[in-house]
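Presented below is the structure to which this report refers.
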Amino acid sequence: KDYDGTQRYPLLLLVHGYNSNYHEYDYFVNYLTDAGFAVLLFDFRGGHESNSLSDGKLTQMSYDTKLSDIRAMVSFAEALPMIEQENIIFVGHSQGGMMGAITACTEGLKDRFKGMLLLAPGMRHVTYLDEFGSLENLPESYTILYAKVGRDFLYSAIKYEEIVWNEVKDYEYPVKILLGSNDELNKEAGVQEITAAFGENASYEMVEGGYHDFRDDVLPTLMPETILPFLNSLVS
């Protein structure tokens with residue numbers, strides 16, 4: 001959108017999922033900018049097996065590198081004169097939703113976000129520990145959804161999952177969690193579990209007819225009826 005040098009806008013940091021990139025939100029952005037939000041998109045380092053604007057390999061990516069990238073994006077946003085610094089909102093999809101929960105537990109980051117919208121957040125990683133028996137037995141590489149990650153990813157997933165379930169209840173701002181009824185990756189029970197873990201400031205909604213990626217089949221209704229009212233409530 002054109003910027004005239006005087007207006008300021010609330011900012012949505014759009015955080016993509018596993019083995020993906022910022023194009024995940026191509027279908028999403030115009031709804032948000034037309035509603036008066038600025039959006040900041042980026043690619044995690046090592047966030048995609050072959051198609052990323054950032055450097056790094058998928059086997060080098062971990063939740064620690066992702067958290068470092070989010071810190072960098074917040075620092076970048078803090079230098080933008082058109083942003084309402086008091087109105088920065090986290091939007092995460094799939095594994096980006098897990099990053100929302102991790103961010104909500106991280107000192108120096110959690111208070112920068114006025115609220116969170118988490119779309120089909122993927123949360124449970126303890127099965128890695130169940131599968132390999134101990135942290136010492138984690139393999140150097142492991143294939144998840146047809147893409148290979150490294151040991152650091154597995155280790156950080158287990159580490160941060162424990163932190164999230166213990167500490168996410170202390171996040172003080174509103175959280176909206178959405179799951180499509182046709183989601184092929186996430187189960188409703190798991191999404192309800194993370195909603196409960198966030199506590200009284202979080203709400204969960206099943207999106208009838210929605211799939212994991214919330215594309216155009218549901219967005220024309222979902223945006224005006226659910227997403228934009230929630231986002232607007234955070235900045236009003």
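Within each chain, counting starts at residue 1; across the structure tokens, chains are named A, B, ... in the order shown, with ligands numbered 1 upward in that order.
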
Exercise for the section: Among the residues of range 8-225 of chain A, find those DSSP assigns to strand (DSSP E or B) from the backbone and print them as a VMD selection string. Expected result: chain A and resid 9 to 15 38 to 41 83 to 93 116 to 119 141 to 144 147 to 150 175 to 180 202 to 207

Practice task
Pick out the residues sitting within 12 Å of Phe44 in chain A, and hand them over as a PyMOL selection string; count only C-alpha atoms, and ignore anything fewer than 4 positions along from it in its own chain.
Solution key: chain A and resi 14-22+48-49+51-58+60-73+95-96+99

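Between Phe90 in chain A and the candidates A:Pro220, A:Gly115, A:Gly190, A:Pro10, the tightest atom-to-atom separation, counting only C-alpha atoms, involves A:Gly115.
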
Handout entry: Residue list (helix (DSSP H, G or I), DSSP) for range 187-223 of chain A, as a list in words
Key =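 Selection result, helix (DSSP H, G or I) within range 187-223 of chain A: Glu188, Ala189, Gly190, Val191, Gln192, Glu193, Ile194, Thr195, Ala196, Ala197, Phe198, Leu219, Pro220, Thr221, Leu222 and Met223 of chain A.
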
Those residues with all heavy atoms, as an mmCIF file, in the first residue's frame please?
data_model
loop_
_atom_site.group_PDB
_atom_site.id
_atom_site.type_symbol
_atom_site.label_atom_id
_atom_site.label_comp_id
_atom_site.auth_asym_id
_atom_site.auth_seq_id
_atom_site.Cartn_x
_atom_site.Cartn_y
_atom_site.Cartn_z
ATOM 1 N N GLU A 188 -8.725 -31.955 16.757
ATOM 2 C CA GLU A 188 -9.406 -30.961 17.568
ATOM 3 C C GLU A 188 -8.979 -31.037 19.032
ATOM 4 O O GLU A 188 -8.817 -30.006 19.693
ATOM 5 C CB GLU A 188 -10.921 -31.121 17.452
ATOM 6 C CG GLU A 188 -11.684 -30.048 18.215
ATOM 7 C CD GLU A 188 -13.187 -30.146 18.030
ATOM 8 O OE1 GLU A 188 -13.664 -31.195 17.552
ATOM 9 O OE2 GLU A 188 -13.879 -29.167 18.361
ATOM 10 N N ALA A 189 -8.778 -32.237 19.543
ATOM 11 C CA ALA A 189 -8.420 -32.381 20.952
ATOM 12 C C ALA A 189 -7.119 -31.658 21.272
ATOM 13 O O ALA A 189 -6.990 -31.024 22.327
ATOM 14 C CB ALA A 189 -8.309 -33.855 21.313
ATOM 15 N N GLY A 190 -6.140 -31.726 20.352
ATOM 16 C CA GLY A 190 -4.875 -31.053 20.583
ATOM 17 C C GLY A 190 -5.006 -29.546 20.576
ATOM 18 O O GLY A 190 -4.361 -28.842 21.370
ATOM 19 N N VAL A 191 -5.838 -29.020 19.682
ATOM 20 C CA VAL A 191 -6.042 -27.575 19.616
ATOM 21 C C VAL A 191 -6.819 -27.089 20.839
ATOM 22 O O VAL A 191 -6.537 -26.023 21.394
ATOM 23 C CB VAL A 191 -6.764 -27.203 18.303
ATOM 24 C CG1 VAL A 191 -7.076 -25.725 18.262
ATOM 25 C CG2 VAL A 191 -5.894 -27.588 17.106
ATOM 26 N N GLN A 192 -7.769 -27.861 21.287
ATOM 27 C CA GLN A 192 -8.486 -27.514 22.511
ATOM 28 C C GLN A 192 -7.542 -27.529 23.709
ATOM 29 O O GLN A 192 -7.668 -26.706 24.633
ATOM 30 C CB GLN A 192 -9.637 -28.483 22.731
ATOM 31 C CG GLN A 192 -10.790 -28.307 21.745
ATOM 32 C CD GLN A 192 -11.873 -29.351 21.912
ATOM 33 O OE1 GLN A 192 -11.600 -30.485 22.306
ATOM 34 N NE2 GLN A 192 -13.100 -28.987 21.605
ATOM 35 N N GLU A 193 -6.575 -28.426 23.677
ATOM 36 C CA GLU A 193 -5.617 -28.533 24.776
ATOM 37 C C GLU A 193 -4.758 -27.282 24.888
ATOM 38 O O GLU A 193 -4.545 -26.761 25.982
ATOM 39 C CB GLU A 193 -4.750 -29.774 24.582
ATOM 40 C CG GLU A 193 -3.841 -30.079 25.753
ATOM 41 C CD GLU A 193 -3.044 -31.353 25.548
ATOM 42 O OE1 GLU A 193 -3.007 -31.864 24.403
ATOM 43 O OE2 GLU A 193 -2.446 -31.836 26.531
ATOM 44 N N ILE A 194 -4.245 -26.784 23.762
ATOM 45 C CA ILE A 194 -3.415 -25.585 23.836
ATOM 46 C C ILE A 194 -4.269 -24.362 24.181
ATOM 47 O O ILE A 194 -3.812 -23.453 24.862
ATOM 48 C CB ILE A 194 -2.608 -25.358 22.537
ATOM 49 C CG1 ILE A 194 -1.627 -24.201 22.714
ATOM 50 C CG2 ILE A 194 -3.501 -25.122 21.341
ATOM 51 C CD1 ILE A 194 -0.635 -24.361 23.847
ATOM 52 N N THR A 195 -5.525 -24.347 23.735
ATOM 53 C CA THR A 195 -6.418 -23.254 24.125
ATOM 54 C C THR A 195 -6.572 -23.219 25.634
ATOM 55 O O THR A 195 -6.478 -22.160 26.270
ATOM 56 C CB THR A 195 -7.792 -23.405 23.457
ATOM 57 O OG1 THR A 195 -7.635 -23.507 22.035
ATOM 58 C CG2 THR A 195 -8.682 -22.205 23.768
ATOM 59 N N ALA A 196 -6.807 -24.380 26.225
ATOM 60 C CA ALA A 196 -6.946 -24.461 27.678
ATOM 61 C C ALA A 196 -5.650 -24.079 28.381
ATOM 62 O O ALA A 196 -5.675 -23.443 29.446
ATOM 63 C CB ALA A 196 -7.373 -25.866 28.076
ATOM 64 N N ALA A 197 -4.503 -24.427 27.787
ATOM 65 C CA ALA A 197 -3.219 -24.102 28.404
ATOM 66 C C ALA A 197 -2.988 -22.597 28.454
ATOM 67 O O ALA A 197 -2.417 -22.085 29.418
ATOM 68 C CB ALA A 197 -2.089 -24.788 27.644
ATOM 69 N N PHE A 198 -3.432 -21.872 27.418
ATOM 70 C CA PHE A 198 -3.321 -20.411 27.437
ATOM 71 C C PHE A 198 -4.176 -19.805 28.544
ATOM 72 O O PHE A 198 -3.850 -18.750 29.078
ATOM 73 C CB PHE A 198 -3.747 -19.829 26.094
ATOM 74 C CG PHE A 198 -2.638 -19.623 25.108
ATOM 75 C CD1 PHE A 198 -2.466 -20.462 24.030
ATOM 76 C CD2 PHE A 198 -1.753 -18.561 25.257
ATOM 77 C CE1 PHE A 198 -1.443 -20.272 23.108
ATOM 78 C CE2 PHE A 198 -0.731 -18.341 24.351
ATOM 79 C CZ PHE A 198 -0.571 -19.207 23.268
ATOM 80 N N LEU A 219 -12.247 -18.233 3.432
ATOM 81 C CA LEU A 219 -11.821 -16.877 3.792
ATOM 82 C C LEU A 219 -12.873 -15.800 3.558
ATOM 83 O O LEU A 219 -12.994 -14.879 4.380
ATOM 84 C CB LEU A 219 -10.542 -16.504 3.059
ATOM 85 C CG LEU A 219 -9.238 -16.930 3.739
ATOM 86 C CD1 LEU A 219 -8.045 -16.441 2.938
ATOM 87 C CD2 LEU A 219 -9.164 -16.423 5.164
ATOM 88 N N PRO A 220 -13.644 -15.826 2.461
ATOM 89 C CA PRO A 220 -14.614 -14.738 2.267
ATOM 90 C C PRO A 220 -15.605 -14.591 3.414
ATOM 91 O O PRO A 220 -16.102 -13.491 3.664
ATOM 92 C CB PRO A 220 -15.326 -15.142 0.963
ATOM 93 C CG PRO A 220 -14.304 -15.935 0.215
ATOM 94 C CD PRO A 220 -13.586 -16.726 1.281
ATOM 95 N N THR A 221 -15.884 -15.675 4.108
ATOM 96 C CA THR A 221 -16.760 -15.606 5.280
ATOM 97 C C THR A 221 -15.966 -15.466 6.562
ATOM 98 O O THR A 221 -16.322 -14.693 7.454
ATOM 99 C CB THR A 221 -17.637 -16.879 5.368
ATOM 100 O OG1 THR A 221 -18.427 -16.978 4.188
ATOM 101 C CG2 THR A 221 -18.550 -16.822 6.576
ATOM 102 N N LEU A 222 -14.864 -16.192 6.652
ATOM 103 C CA LEU A 222 -14.073 -16.211 7.875
ATOM 104 C C LEU A 222 -13.478 -14.846 8.208
ATOM 105 O O LEU A 222 -13.424 -14.447 9.374
ATOM 106 C CB LEU A 222 -12.955 -17.252 7.737
ATOM 107 C CG LEU A 222 -12.100 -17.529 8.964
ATOM 108 C CD1 LEU A 222 -12.940 -18.105 10.088
ATOM 109 C CD2 LEU A 222 -10.955 -18.489 8.604
ATOM 110 N N MET A 223 -13.024 -14.128 7.199
ATOM 111 C CA MET A 223 -12.405 -12.822 7.444
ATOM 112 C C MET A 223 -13.368 -11.828 8.100
ATOM 113 O O MET A 223 -13.079 -11.311 9.179
ATOM 114 C CB MET A 223 -11.844 -12.264 6.144
ATOM 115 C CG MET A 223 -10.433 -12.691 5.861
ATOM 116 S SD MET A 223 -9.274 -11.946 7.028
ATOM 117 C CE MET A 223 -7.750 -12.716 6.481
#
